[in-house]
$ cat run.cif   # mmCIF, C-alpha atoms and all ligand atoms; chains and numbers go by the auth columns
data_upload
#
loop_
_atom_site.group_PDB
_atom_site.id
_atom_site.type_symbol
_atom_site.label_atom_id
_atom_site.label_comp_id
_atom_site.label_asym_id
_atom_site.label_seq_id
_atom_site.Cartn_x
_atom_site.Cartn_y
_atom_site.Cartn_z
_atom_site.B_iso_or_equiv
_atom_site.auth_seq_id
_atom_site.auth_asym_id
ATOM 1 C CA MET A 1 26.877 10.442 -18.618 0.00 1 S
ATOM 2 C CA ILE A 2 26.432 6.795 -17.631 0.00 2 S
ATOM 3 C CA SER A 3 22.978 5.425 -16.919 0.00 3 S
ATOM 4 C CA VAL A 4 22.100 2.069 -15.439 0.00 4 S
ATOM 5 C CA ALA A 5 18.440 1.059 -15.792 0.00 5 S
ATOM 6 C CA ILE A 6 17.171 -1.538 -13.338 0.00 6 S
ATOM 7 C CA ASP A 7 13.628 -2.741 -13.910 0.00 7 S
ATOM 8 C CA GLY A 8 11.710 -5.536 -12.248 0.00 8 S
ATOM 9 C CA PRO A 9 8.634 -6.452 -10.217 0.00 9 S
ATOM 10 C CA ALA A 10 7.707 -5.149 -6.763 0.00 10 S
ATOM 11 C CA GLY A 11 9.887 -6.437 -3.955 0.00 11 S
ATOM 12 C CA ALA A 12 12.720 -7.828 -6.094 0.00 12 S
ATOM 13 C CA GLY A 13 15.166 -5.807 -3.998 0.00 13 S
ATOM 14 C CA LYS A 14 15.825 -3.204 -6.667 0.00 14 S
ATOM 15 C CA SER A 15 16.068 -0.251 -4.316 0.00 15 S
ATOM 16 C CA THR A 16 18.183 -1.922 -1.622 0.00 16 S
ATOM 17 C CA ILE A 17 20.589 -3.300 -4.193 0.00 17 S
ATOM 18 C CA ALA A 18 20.679 -0.158 -6.334 0.00 18 S
ATOM 19 C CA LYS A 19 21.393 2.026 -3.289 0.00 19 S
ATOM 20 C CA THR A 20 24.444 -0.013 -2.325 0.00 20 S
ATOM 21 C CA VAL A 21 25.689 -0.332 -5.899 0.00 21 S
ATOM 22 C CA SER A 22 25.266 3.410 -6.552 0.00 22 S
ATOM 23 C CA LYS A 23 27.444 4.261 -3.534 0.00 23 S
ATOM 24 C CA GLU A 24 30.087 1.849 -4.746 0.00 24 S
ATOM 25 C CA LEU A 25 30.122 3.447 -8.208 0.00 25 S
ATOM 26 C CA GLY A 26 29.630 7.065 -7.063 0.00 26 S
ATOM 27 C CA PHE A 27 26.415 7.469 -9.088 0.00 27 S
ATOM 28 C CA ILE A 28 23.153 8.976 -7.843 0.00 28 S
ATOM 29 C CA TYR A 29 20.356 6.527 -7.236 0.00 29 S
ATOM 30 C CA VAL A 30 16.887 7.441 -8.482 0.00 30 S
ATOM 31 C CA ASP A 31 13.956 5.417 -7.164 0.00 31 S
ATOM 32 C CA THR A 32 11.218 6.203 -9.694 0.00 32 S
ATOM 33 C CA GLY A 33 8.601 4.158 -7.812 0.00 33 S
ATOM 34 C CA ALA A 34 8.702 6.891 -5.139 0.00 34 S
ATOM 35 C CA LEU A 35 7.493 9.409 -7.741 0.00 35 S
ATOM 36 C CA TYR A 36 4.459 7.265 -8.595 0.00 36 S
ATOM 37 C CA ARG A 37 3.874 6.724 -4.898 0.00 37 S
ATOM 38 C CA ALA A 38 3.850 10.494 -4.256 0.00 38 S
ATOM 39 C CA ILE A 39 1.238 10.929 -6.975 0.00 39 S
ATOM 40 C CA GLY A 40 -0.790 8.022 -5.561 0.00 40 S
ATOM 41 C CA LEU A 41 -0.682 9.772 -2.200 0.00 41 S
ATOM 42 C CA LYS A 42 -1.976 12.987 -3.762 0.00 42 S
ATOM 43 C CA PHE A 43 -5.003 11.134 -5.187 0.00 43 S
ATOM 44 C CA MET A 44 -5.526 9.479 -1.805 0.00 44 S
ATOM 45 C CA ASN A 45 -5.314 12.848 -0.012 0.00 45 S
ATOM 46 C CA VAL A 46 -7.973 14.382 -2.218 0.00 46 S
ATOM 47 C CA GLY A 47 -10.284 11.464 -1.458 0.00 47 S
ATOM 48 C CA PHE A 48 -9.969 9.005 -4.331 0.00 48 S
ATOM 49 C CA ASP A 49 -9.450 5.246 -4.125 0.00 49 S
ATOM 50 C CA GLU A 50 -7.872 2.824 -6.603 0.00 50 S
ATOM 51 C CA GLU A 51 -10.801 3.181 -9.003 0.00 51 S
ATOM 52 C CA LEU A 52 -9.622 6.737 -9.671 0.00 52 S
ATOM 53 C CA ASN A 53 -13.049 7.942 -10.733 0.00 53 S
ATOM 54 C CA CYS A 54 -11.894 11.486 -11.286 0.00 54 S
ATOM 55 C CA ASP A 55 -10.470 13.969 -13.756 0.00 55 S
ATOM 56 C CA ILE A 56 -6.829 12.850 -13.661 0.00 56 S
ATOM 57 C CA ALA A 57 -5.495 15.920 -15.490 0.00 57 S
ATOM 58 C CA LYS A 58 -7.231 18.255 -13.063 0.00 58 S
ATOM 59 C CA VAL A 59 -5.685 16.577 -10.009 0.00 59 S
ATOM 60 C CA LEU A 60 -2.269 16.626 -11.714 0.00 60 S
ATOM 61 C CA GLU A 61 -2.607 20.378 -12.264 0.00 61 S
ATOM 62 C CA GLU A 62 -2.570 20.730 -8.477 0.00 62 S
ATOM 63 C CA THR A 63 0.315 18.298 -8.038 0.00 63 S
ATOM 64 C CA LYS A 64 3.991 19.141 -7.760 0.00 64 S
ATOM 65 C CA VAL A 65 6.506 16.347 -7.249 0.00 65 S
ATOM 66 C CA ASP A 66 10.201 17.014 -6.581 0.00 66 S
ATOM 67 C CA ILE A 67 13.103 14.936 -5.488 0.00 67 S
ATOM 68 C CA LYS A 68 16.109 16.157 -3.573 0.00 68 S
ATOM 69 C CA PHE A 69 19.246 14.370 -2.529 0.00 69 S
ATOM 70 C CA ILE A 70 19.947 14.926 1.156 0.00 70 S
ATOM 71 C CA ASN A 71 23.216 13.353 2.370 0.00 71 S
ATOM 72 C CA GLY A 72 23.153 11.270 -0.792 0.00 72 S
ATOM 73 C CA GLU A 73 19.658 9.911 -0.023 0.00 73 S
ATOM 74 C CA GLN A 74 16.678 10.620 -2.243 0.00 74 S
ATOM 75 C CA ARG A 75 13.780 12.407 -0.529 0.00 75 S
ATOM 76 C CA VAL A 76 10.465 12.936 -2.300 0.00 76 S
ATOM 77 C CA PHE A 77 8.358 16.068 -1.933 0.00 77 S
ATOM 78 C CA LEU A 78 4.671 16.452 -2.723 0.00 78 S
ATOM 79 C CA ASN A 79 3.683 20.102 -3.047 0.00 79 S
ATOM 80 C CA GLY A 80 6.623 21.039 -0.834 0.00 80 S
ATOM 81 C CA GLU A 81 6.022 18.435 1.876 0.00 81 S
ATOM 82 C CA ASP A 82 8.566 15.632 2.430 0.00 82 S
ATOM 83 C CA VAL A 83 6.418 12.504 1.965 0.00 83 S
ATOM 84 C CA SER A 84 9.284 9.976 1.759 0.00 84 S
ATOM 85 C CA ASP A 85 7.921 7.994 4.711 0.00 85 S
ATOM 86 C CA LEU A 86 4.176 8.444 4.087 0.00 86 S
ATOM 87 C CA ILE A 87 4.443 6.799 0.662 0.00 87 S
ATOM 88 C CA ARG A 88 5.577 3.451 2.066 0.00 88 S
ATOM 89 C CA THR A 89 2.286 2.065 3.436 0.00 89 S
ATOM 90 C CA PRO A 90 0.529 -0.901 1.724 0.00 90 S
ATOM 91 C CA LYS A 91 -2.375 1.392 0.743 0.00 91 S
ATOM 92 C CA ALA A 92 0.047 3.872 -0.852 0.00 92 S
ATOM 93 C CA SER A 93 1.630 0.969 -2.791 0.00 93 S
ATOM 94 C CA LEU A 94 -1.705 -0.006 -4.339 0.00 94 S
ATOM 95 C CA MET A 95 -2.541 3.631 -5.117 0.00 95 S
ATOM 96 C CA ALA A 96 0.872 3.994 -6.806 0.00 96 S
ATOM 97 C CA SER A 97 0.153 0.949 -8.940 0.00 97 S
ATOM 98 C CA ALA A 98 -3.279 2.362 -9.867 0.00 98 S
ATOM 99 C CA VAL A 99 -2.052 5.846 -10.853 0.00 99 S
ATOM 100 C CA SER A 100 0.911 4.375 -12.735 0.00 100 S
ATOM 101 C CA ALA A 101 -1.488 2.791 -15.260 0.00 101 S
ATOM 102 C CA LYS A 102 -2.697 6.264 -16.307 0.00 102 S
ATOM 103 C CA PRO A 103 -0.933 7.680 -19.378 0.00 103 S
ATOM 104 C CA GLN A 104 -1.221 11.270 -18.093 0.00 104 S
ATOM 105 C CA VAL A 105 0.637 10.290 -14.920 0.00 105 S
ATOM 106 C CA ARG A 106 3.441 8.559 -16.840 0.00 106 S
ATOM 107 C CA GLU A 107 3.782 11.573 -19.133 0.00 107 S
ATOM 108 C CA PHE A 108 3.801 13.905 -16.124 0.00 108 S
ATOM 109 C CA LEU A 109 6.912 12.155 -14.718 0.00 109 S
ATOM 110 C CA LEU A 110 8.819 11.467 -17.926 0.00 110 S
ATOM 111 C CA ASP A 111 10.799 14.706 -18.367 0.00 111 S
ATOM 112 C CA MET A 112 11.926 14.777 -14.784 0.00 112 S
ATOM 113 C CA GLN A 113 13.341 11.250 -14.997 0.00 113 S
ATOM 114 C CA ARG A 114 15.114 11.943 -18.300 0.00 114 S
ATOM 115 C CA ARG A 115 16.569 15.203 -17.015 0.00 115 S
ATOM 116 C CA LEU A 116 18.056 13.452 -13.986 0.00 116 S
ATOM 117 C CA ALA A 117 19.775 10.969 -16.308 0.00 117 S
ATOM 118 C CA ARG A 118 21.021 13.723 -18.631 0.00 118 S
ATOM 119 C CA GLU A 119 22.646 15.628 -15.797 0.00 119 S
ATOM 120 C CA ASN A 120 24.054 12.831 -13.629 0.00 120 S
ATOM 121 C CA ASP A 121 25.600 9.379 -13.716 0.00 121 S
ATOM 122 C CA VAL A 122 22.580 7.442 -12.477 0.00 122 S
ATOM 123 C CA ILE A 123 21.258 4.125 -11.410 0.00 123 S
ATOM 124 C CA MET A 124 17.537 4.427 -11.967 0.00 124 S
ATOM 125 C CA ASP A 125 15.084 1.759 -10.929 0.00 125 S
ATOM 126 C CA GLY A 126 11.463 1.232 -11.890 0.00 126 S
ATOM 127 C CA ARG A 127 9.343 -0.757 -14.333 0.00 127 S
ATOM 128 C CA ASP A 128 9.903 0.924 -17.705 0.00 128 S
ATOM 129 C CA ILE A 129 13.315 2.560 -17.364 0.00 129 S
ATOM 130 C CA GLY A 130 15.075 0.389 -19.958 0.00 130 S
ATOM 131 C CA THR A 131 12.054 0.186 -22.270 0.00 131 S
ATOM 132 C CA VAL A 132 10.628 3.739 -22.221 0.00 132 S
ATOM 133 C CA VAL A 133 12.364 6.287 -19.997 0.00 133 S
ATOM 134 C CA LEU A 134 15.985 5.592 -20.981 0.00 134 S
ATOM 135 C CA PRO A 135 15.925 3.398 -24.089 0.00 135 S
ATOM 136 C CA ASP A 136 19.605 4.279 -24.644 0.00 136 S
ATOM 137 C CA ALA A 137 20.732 3.440 -21.093 0.00 137 S
ATOM 138 C CA THR A 138 24.355 2.277 -20.911 0.00 138 S
ATOM 139 C CA VAL A 139 23.409 -0.847 -18.952 0.00 139 S
ATOM 140 C CA LYS A 140 19.960 -2.444 -18.600 0.00 140 S
ATOM 141 C CA ILE A 141 19.169 -5.045 -15.977 0.00 141 S
ATOM 142 C CA PHE A 142 15.912 -6.874 -15.345 0.00 142 S
ATOM 143 C CA LEU A 143 16.004 -7.851 -11.686 0.00 143 S
ATOM 144 C CA THR A 144 13.545 -10.426 -10.449 0.00 144 S
ATOM 145 C CA ALA A 145 12.833 -13.133 -7.847 0.00 145 S
ATOM 146 C CA SER A 146 9.887 -15.472 -7.235 0.00 146 S
ATOM 147 C CA ALA A 147 6.682 -13.876 -5.864 0.00 147 S
ATOM 148 C CA LYS A 148 6.931 -15.918 -2.632 0.00 148 S
ATOM 149 C CA GLU A 149 10.512 -14.861 -2.004 0.00 149 S
ATOM 150 C CA ARG A 150 9.663 -11.233 -2.735 0.00 150 S
ATOM 151 C CA ALA A 151 6.681 -11.368 -0.362 0.00 151 S
ATOM 152 C CA ASN A 152 8.906 -12.913 2.265 0.00 152 S
ATOM 153 C CA ARG A 153 11.433 -10.085 2.024 0.00 153 S
ATOM 154 C CA ARG A 154 8.779 -7.342 1.948 0.00 154 S
ATOM 155 C CA TYR A 155 7.004 -8.875 4.956 0.00 155 S
ATOM 156 C CA LYS A 156 10.205 -8.870 7.029 0.00 156 S
ATOM 157 C CA GLU A 157 10.941 -5.292 5.990 0.00 157 S
ATOM 158 C CA LEU A 158 7.475 -4.053 7.045 0.00 158 S
ATOM 159 C CA ILE A 159 7.610 -5.937 10.351 0.00 159 S
ATOM 160 C CA GLU A 160 11.032 -4.424 11.080 0.00 160 S
ATOM 161 C CA LYS A 161 9.496 -0.985 10.501 0.00 161 S
ATOM 162 C CA GLY A 162 6.914 -1.838 13.183 0.00 162 S
ATOM 163 C CA MET A 163 3.968 -2.194 10.798 0.00 163 S
ATOM 164 C CA GLU A 164 1.193 -4.685 11.529 0.00 164 S
ATOM 165 C CA VAL A 165 0.902 -6.901 8.473 0.00 165 S
ATOM 166 C CA ASN A 166 0.426 -10.583 7.757 0.00 166 S
ATOM 167 C CA TYR A 167 2.311 -12.610 5.180 0.00 167 S
ATOM 168 C CA GLU A 168 -0.724 -13.691 3.144 0.00 168 S
ATOM 169 C CA ASP A 169 -1.796 -10.050 2.665 0.00 169 S
ATOM 170 C CA VAL A 170 1.716 -9.048 1.597 0.00 170 S
ATOM 171 C CA LEU A 171 1.839 -11.929 -0.923 0.00 171 S
ATOM 172 C CA SER A 172 -1.571 -11.088 -2.344 0.00 172 S
ATOM 173 C CA ASP A 173 -0.619 -7.367 -2.658 0.00 173 S
ATOM 174 C CA ILE A 174 2.532 -8.389 -4.534 0.00 174 S
ATOM 175 C CA GLU A 175 0.597 -10.699 -6.855 0.00 175 S
ATOM 176 C CA LYS A 176 -2.006 -8.019 -7.479 0.00 176 S
ATOM 177 C CA ARG A 177 0.670 -5.431 -8.273 0.00 177 S
ATOM 178 C CA ASP A 178 2.552 -7.886 -10.534 0.00 178 S
ATOM 179 C CA TYR A 179 -0.646 -8.406 -12.465 0.00 179 S
ATOM 180 C CA ASN A 180 -1.490 -4.668 -12.690 0.00 180 S
ATOM 181 C CA ASP A 181 2.058 -3.630 -13.574 0.00 181 S
ATOM 182 C CA SER A 182 2.549 -6.217 -16.305 0.00 182 S
ATOM 183 C CA HIS A 183 -0.922 -6.092 -17.861 0.00 183 S
ATOM 184 C CA ARG A 184 -1.475 -2.366 -18.200 0.00 184 S
ATOM 185 C CA ALA A 185 -1.774 -1.001 -21.733 0.00 185 S
ATOM 186 C CA ILE A 186 0.934 1.624 -21.332 0.00 186 S
ATOM 187 C CA ALA A 187 4.586 0.928 -20.473 0.00 187 S
ATOM 188 C CA PRO A 188 3.910 -2.510 -18.953 0.00 188 S
ATOM 189 C CA LEU A 189 6.572 -4.220 -16.889 0.00 189 S
ATOM 190 C CA LYS A 190 8.684 -6.335 -19.226 0.00 190 S
ATOM 191 C CA PRO A 191 12.382 -6.849 -19.811 0.00 191 S
ATOM 192 C CA ALA A 192 13.963 -4.597 -22.454 0.00 192 S
ATOM 193 C CA GLU A 193 15.255 -6.692 -25.342 0.00 193 S
ATOM 194 C CA ASP A 194 18.832 -5.702 -24.601 0.00 194 S
ATOM 195 C CA SER A 195 18.608 -6.199 -20.818 0.00 195 S
ATOM 196 C CA VAL A 196 20.505 -8.710 -18.716 0.00 196 S
ATOM 197 C CA LEU A 197 18.240 -10.919 -16.584 0.00 197 S
ATOM 198 C CA ALA A 198 19.214 -11.258 -12.905 0.00 198 S
ATOM 199 C CA ASP A 199 17.134 -13.674 -10.806 0.00 199 S
ATOM 200 C CA THR A 200 17.950 -13.276 -7.115 0.00 200 S
ATOM 201 C CA SER A 201 15.473 -15.832 -5.661 0.00 201 S
ATOM 202 C CA ASP A 202 18.320 -17.893 -4.216 0.00 202 S
ATOM 203 C CA CYS A 203 20.723 -15.046 -3.481 0.00 203 S
ATOM 204 C CA THR A 204 21.463 -13.262 -0.234 0.00 204 S
ATOM 205 C CA LEU A 205 21.519 -9.477 -0.386 0.00 205 S
ATOM 206 C CA GLU A 206 25.336 -9.492 -0.561 0.00 206 S
ATOM 207 C CA GLN A 207 25.293 -11.987 -3.435 0.00 207 S
ATOM 208 C CA SER A 208 22.683 -9.912 -5.276 0.00 208 S
ATOM 209 C CA VAL A 209 24.824 -6.772 -4.908 0.00 209 S
ATOM 210 C CA GLU A 210 27.867 -8.661 -6.220 0.00 210 S
ATOM 211 C CA LEU A 211 25.864 -10.003 -9.149 0.00 211 S
ATOM 212 C CA ILE A 212 24.571 -6.572 -10.184 0.00 212 S
ATOM 213 C CA LEU A 213 27.984 -4.930 -9.746 0.00 213 S
ATOM 214 C CA SER A 214 29.613 -7.576 -11.892 0.00 214 S
ATOM 215 C CA ILE A 215 26.988 -7.156 -14.656 0.00 215 S
ATOM 216 C CA ILE A 216 27.495 -3.372 -14.653 0.00 216 S
ATOM 217 C CA LYS A 217 31.298 -3.548 -14.612 0.00 217 S
ATOM 218 C CA GLU A 218 31.372 -6.091 -17.393 0.00 218 S
ATOM 219 C CA ARG A 219 29.101 -3.958 -19.570 0.00 219 S
ATOM 220 C CA LEU A 220 31.069 -0.779 -18.869 0.00 220 S
ATOM 221 C CA ASP A 221 34.364 -2.529 -19.671 0.00 221 S
ATOM 222 C CA ASN A 222 32.963 -3.669 -23.013 0.00 222 S
ATOM 223 C CA LYS A 223 31.705 -0.236 -24.067 0.00 223 S
HETATM 224 O O1 LIG B . 8.963 0.330 -7.127 0.00 1 Y
HETATM 225 P P1 LIG B . 7.734 0.626 -6.265 0.00 1 Y
HETATM 226 O O2 LIG B . 7.119 -0.600 -5.688 0.00 1 Y
HETATM 227 O O3 LIG B . 7.995 1.681 -5.232 0.00 1 Y
HETATM 228 O O4 LIG B . 6.674 1.268 -7.313 0.00 1 Y
HETATM 229 C C1 LIG B . 5.369 1.642 -6.937 0.00 1 Y
HETATM 230 C C2 LIG B . 4.431 1.481 -8.131 0.00 1 Y
HETATM 231 O O5 LIG B . 4.754 2.430 -9.150 0.00 1 Y
HETATM 232 C C3 LIG B . 4.479 0.112 -8.807 0.00 1 Y
HETATM 233 O O6 LIG B . 3.370 -0.686 -8.473 0.00 1 Y
HETATM 234 C C4 LIG B . 4.459 0.389 -10.289 0.00 1 Y
HETATM 235 C C5 LIG B . 4.701 1.855 -10.436 0.00 1 Y
HETATM 236 N N1 LIG B . 5.923 2.174 -11.158 0.00 1 Y
HETATM 237 C C6 LIG B . 5.840 2.283 -12.526 0.00 1 Y
HETATM 238 O O7 LIG B . 4.782 2.021 -13.104 0.00 1 Y
HETATM 239 N N2 LIG B . 6.930 2.672 -13.248 0.00 1 Y
HETATM 240 C C7 LIG B . 8.091 2.926 -12.643 0.00 1 Y
HETATM 241 N N3 LIG B . 9.135 3.315 -13.371 0.00 1 Y
HETATM 242 C C8 LIG B . 8.204 2.785 -11.233 0.00 1 Y
HETATM 243 C C9 LIG B . 7.099 2.405 -10.523 0.00 1 Y
#
$ encode --input "run.cif" --output "structure tokens" --more "lines below"
Ligand code: DC
Amino acid sequence: MISVAIDGPAGAGKSTIAKTVSKELGFIYVDTGALYRAIGLKFMNVGFDEELNCDIAKVLEETKVDIKFINGEQRVFLNGEDVSDLIRTPKASLMASAVSAKPQVREFLLDMQRRLARENDVIMDGRDIGTVVLPDATVKIFLTASAKERANRRYKELIEKGMEVNYEDVLSDIEKRDYNDSHRAIAPLKPAEDSVLADTSDCTLEQSVELILSIIKERLDNK
């Protein structure tokens, strides 16, 4: 099986790019952030905030996360309910970042991610795919862009979805998540040593897709 690991900070365009590239290559696309988001939502639903002052293991015992591919699109289920849309709010993003710093949560999701890569040709995106989840991935890419450019893109995306947000809040959420994701003790966001760095700050979406496709094809040709 072929696995492509794409890691990088929030809003770098990983999911949009990976979706397009996966269709082109005929691989499944696994958005691992959605799994952390579903768990963040669970903690939110049972009344906890980002401080997570609770017995993490106990909440996880009552948590079941599944993903299904419907018409080629990943949908995420929390205890049987399709939460693919509910996990996209700014509050759910911060909760995802908070739960993702907990070792029990990372452990809880590890087998599922590895199984998906064992059974399918995958493009998997996240923060620790090349470093922890799939250390033997066929291709590893670290996809990034400046915080301002990422905030810009995320802001436009949220506005298009009809959400009421302002740019400064989106930028500060991104900076806060960058800090949390790269400073946590376990599986922090960092490029794998054998990853290829792709900075898309000055690229259009089409150029970013081309760049990632060319990196993957070159690596696969040289295997
Ligand atoms: O990619 P995203 O923004 O949907 O991810 C939501 C949060 O989940 C992000 O702040 C960090 C965390 N995450 C992680 O720690 N490891 C992953 N493989 C994917 C996401």
$ resolve_selection --input "run.cif" --expression "the PyMOL selection byres (((chain S and resi 148) around 12) and not hetatm)" --output "list in words"
Ala10, Gly11, Ala12, Thr144, Ala145, Ser146, Ala147, Glu149, Arg150, Ala151, Asn152, Arg153, Arg154, Tyr155, Tyr167, Glu168, Asp169, Val170, Leu171, Ser172, Asp173, Ile174, Glu175, Ser201 and Asp202 of chain S
$ axis_aligned_box --input "run.cif" --around "ligand LIG 1 (chain Y)" --padding-each-side "3 Å" --output "lines of an AutoDock Vina configuration file"
center_x = 6.3
center_y = 1.3
center_z = -9.3
size_x = 11.8
size_y = 10.0
size_z = 14.1
$ closest_residue --input "run.cif" --among "S:Ala18, S:Leu25, S:Val196, S:Leu41" --to "Gly130 in chain S" --atoms "only C-alpha atoms"
S:Val196
$ closest_residue --input "run.cif" --among "S:Asn120, S:Thr89, S:Ser22, S:Ser208" --to "ligand LIG 1 (chain Y)" --atoms "only C-alpha atoms and all ligand atoms"
S:Thr89
$ atom_distance --input "run.cif" --atom1 "CA of Val65 in chain S" --atom2 "CA of Leu109 in chain S"
8.6 Å
$ residues_near_ligand --input "run.cif" --ligand "ligand LIG 1 (chain Y)" --cutoff "7 Å" --atoms "only C-alpha atoms and all ligand atoms" --output "list in words"
Ala10, Gly11, Thr32, Gly33, Ala34, Tyr36, Arg37, Ser93, Leu94, Ala96, Ser97, Ser100, Ala101, Asp125, Gly126, Arg127, Asp128, Ile129, Arg177 and Asp181 of chain S
$ atom_distance --input "run.cif" --atom1 "CA of Leu110 in chain S" --atom2 "CA of Asp7 in chain S"
15.5 Å
$ atom_distance --input "run.cif" --atom1 "CA of Ala198 in chain S" --atom2 "CA of Ile159 in chain S"
26.5 Å
$ resolve_selection --input "run.cif" --expression "the PyMOL selection byres (((chain S and resi 79) around 12) and not hetatm)" --output "ChimeraX atom specification"
/S:38-39,41-42,45,60-67,76-78,80-83
$ residues_near_point --input "run.cif" --point "(29.4, 9.2, -7.4)" --cutoff "10 Å" --atoms "all atoms listed in the file" --output "list in words"
Ser22, Lys23, Glu24, Leu25, Gly26, Phe27, Ile28, Tyr29, Gly72, Asn120, Asp121 and Val122 of chain S
